[in-house]
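A.B. asks: Dropping a structure here in structure tokens format, bear with me for questions.
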Amino acid sequence: MAGTWGRFNIVALILGFAFLYLPIILLVIYSFNESRLVTVWAGFSTRWYVSLFSNRGLMDAAWVTARVAFISATVATVLGTMAAVALTRYTRFRGRLLFSGMVFAPLVMPEVITGLSLLLLFVAIGFERGFMTVTLAHITFSMCFVAVVVQSRLLSFDRSLEEAAMDLGATPVKAFFQVTLPVIFPAVISGWMLAFTLSLDDLVIASFTSGPGATTLPMRIYSQVRLGVTPEINAISTILVGIVTIGVIVASLVNKRRRVRQWRDEQTAAQI
Amino acid sequence: MESLGSTRRSFAPWLDPNAEPYIRFENVTKSFGDFAAVDDLSLTIYEREFFALLGASGCGKTTLLRMLAGFEKPTSGRILLDGQDLLGVPAYRRPVNMMFQSYALFPHMTVEANIAFGLKQDRMPKAEIADRVAQMLKLVRLEQFAKRKPHQLSGGQRQRVALARSLAKRPKVLLLDEPLGALDKKLREATQFELMDLQQELGLTFVVVTHDQEEAMTMADRIAIMDRGKVMQVATPAQIYEAPASRFVADFVGAINMFEGEVLEAAAGRARIRDRSGVEFSLDNGGDASAGTTAWLAVRPEKVQVTRERPDGAVNAMEGEVWDIAYLGDMTVYNIRLNDGRLVKASVLNSLRRIEDALTWHDRAWISFAPDAGIVLIR
């Protein structure tokens, strides 16, 4: 192995992975620290996980985040999918360039600006800040990510499938729900997961648009860290890392299994 | 099979002046920007006809089919089906069904569900749907594959599912876009005959788009040759081959030798033409040639004889050298190079197993053809 890989490559690999994962590994290790001091190791313990679940502030924040992420991801997926369909189907409507520009602008817009402008809007129309406003803000900025994911799937979608459905008597709406949507559904789910993750870890926009009683988990963690990092923060961060890791692994396993099965089916079909 | 063949031969509603066409394209134009994909085209198709639209890619044949299916709107002109103007009738309400080139099978549905899709749209009772699906599966011999998904089928099976799905609603007209394009040669030939039998059995009108002339010749009652959005000729396969209306059609279908020349004499259907190299030809089928104009003499390779000596009494003969020989088993194709450098193609049926005294490269040879073997084209 060493002969073909070369010493330089191995060193580069180790350094690269260390750069990426050392901070996370440290965080995970110290979440099991007995000591109250974050940087001093005093033996293995799970006490911070226990105390985490009795910390009302953090638990409430986690619940708020989960609800915001679920609702905003769902609404953003519906809107983003609709935008993607409009952009791929109707290639020649007036103002298409403007429309696509406006859909995708939030991708490159600094979050601070998005957050600030939303804040100004909510203040101007006298919308009381809280759960609703954070959710709306998250829908706004995650919708374009969904649109990008779904649009790239739709570009490779064989339109004759939809035409075949209409040819067989389905109205355009029925054709979309019975044929197009089921076929592009994996992309829609990916879009939803992306929107969910984006909402889960957003701090900047939430800070601008949230109000009392709707503190999200990232906001809570950030404000606690300013008073000093506690091992509880390490514990909840480890849980988050765990959830995301499991999610990624499950998604890729499911994907791989489906691909293998499809490949095998095609091989047997070719032999018949 | 024999009875089907004989009804087929006597089927010719286009010759009957009282027959009412089933599908009518009236001055149909379809433009995409500045480009006219279909250009002021008129065409009639009769009930129970197997009609082929033949042309190179980009000639507008698929656009024409898509307008009939309702996926494209004509820029101008009318399309009538059984007397009804189709303008404003959306695709999902037209009594025509289409088999797509890519088959367009719904990948998330089983074979059964694919075939049942159109019936469900019509809210047909469940029991009736099941009956019809079973009947369709039997028709295309896929009974044991009902529960499979499209990706679990071979190319030929997918093609048959697509066919079953498009026939399930018993459409008045079936449109087929390059139906055999994705199949290998052997399967394609077998499927051609299956399609023809099916069309006869169900008494449907088939409109098929193809770029494969052999396919069109085999299957169709009539063929429309298309080029750049226009119909060049509509006729039976034999007429297209033996009496092409123009040089384009003659050249497009099969191989042909063409001699440009001046018409010396044209009377009572006969014509005499002097070729560029000074050789004179006499033809029984003068077409519309008139004396003093330029015309083209066209003769198919299989109607050209190749001999070592000038045949006695040959009216149309030229001398040359054997330039190329392609031995195909059942026949041999010779390319004879005339004295002025032009190549003439002649295909000779190998009806005897004679090998000695066969013509070989660089032999001197004569080509000749009978007065009724060629035709005169003025366009």
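Ligands are numbered from 1 in the order shown, residues from 1 within each chain, and chains are lettered A, B, ... in the order they appear in the structure tokens.
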Restrict the distance test to only C-alpha atoms, flag each residue of chain B within 7 Å of chain A, and return the flagged residues as a ChimeraX atom specification.
C.D. replies: /B:91-93,97-98,104-106,108,118,121,151-154
A.B. asks: For range 60-62 of chain A, please output as a list in words all residues within 7 Å (counting only C-alpha atoms; exclusion window: fewer than 6 positions along the same chain).
C.D. replies: Thr215, Thr216, Leu217 and Arg220 of chain A
A.B. asks: List as a list in words the protein and nucleic acid residues near range 292-299 of chain B, meaning an atom at most 6 Å away when only C-alpha atoms are counted, but skip any in the same chain fewer than 3 places from it.
C.D. replies: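 Everything that qualifies: Ile256, Asn257, Met258, Phe259, Glu260, Gly261, Glu262, Val263, Gly374, Ile375, Val376, Leu377 and Ile378 of chain B.
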A.B. asks: I'd like the contact shell of Ala251 in chain A - 12 Å cut-off, only C-alpha atoms, skipping same-chain residues fewer than 6 positions apart - returned as an mmCIF file with N, CA and C atoms, in the first residue's frame.
C.D. replies:
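For reference, around-v5.cif as written:
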data_model
loop_
_atom_site.group_PDB
_atom_site.id
_atom_site.type_symbol
_atom_site.label_atom_id
_atom_site.label_comp_id
_atom_site.auth_asym_id
_atom_site.auth_seq_id
_atom_site.Cartn_x
_atom_site.Cartn_y
_atom_site.Cartn_z
ATOM 1 N N PRO A 186 -37.479 11.340 -5.056
ATOM 2 C CA PRO A 186 -36.211 11.319 -4.310
ATOM 3 C C PRO A 186 -35.541 12.698 -4.253
ATOM 4 N N ILE A 189 -37.356 14.831 -1.737
ATOM 5 C CA ILE A 189 -36.953 14.462 -0.378
ATOM 6 C C ILE A 189 -35.570 15.037 -0.047
ATOM 7 N N SER A 190 -34.635 14.945 -0.995
ATOM 8 C CA SER A 190 -33.315 15.535 -0.771
ATOM 9 C C SER A 190 -33.446 17.020 -0.487
ATOM 10 N N MET A 193 -34.664 17.513 2.993
ATOM 11 C CA MET A 193 -33.624 17.276 4.002
ATOM 12 C C MET A 193 -32.626 18.420 4.052
ATOM 13 N N VAL A 244 -27.048 13.831 12.639
ATOM 14 C CA VAL A 244 -26.703 14.138 11.247
ATOM 15 C C VAL A 244 -25.933 12.974 10.621
ATOM 16 N N THR A 245 -24.976 12.408 11.398
ATOM 17 C CA THR A 245 -24.171 11.300 10.869
ATOM 18 C C THR A 245 -25.054 10.108 10.510
ATOM 19 N N ARG A 257 -28.240 0.669 -1.907
ATOM 20 C CA ARG A 257 -28.965 -0.588 -2.042
ATOM 21 C C ARG A 257 -29.919 -0.546 -3.222
ATOM 22 N N ARG A 258 -30.572 0.622 -3.372
ATOM 23 C CA ARG A 258 -31.517 0.747 -4.469
ATOM 24 C C ARG A 258 -30.785 0.639 -5.808
#
A.B. asks: Which residue out of B:Pro171, B:Gly254, B:Pro237, B:Gly287 has the minimum interatomic distance to Ala268 in chain B when only C-alpha atoms are used?
C.D. replies: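 The answer is B:Gly287, which sits nearest to Ala268 in chain B.
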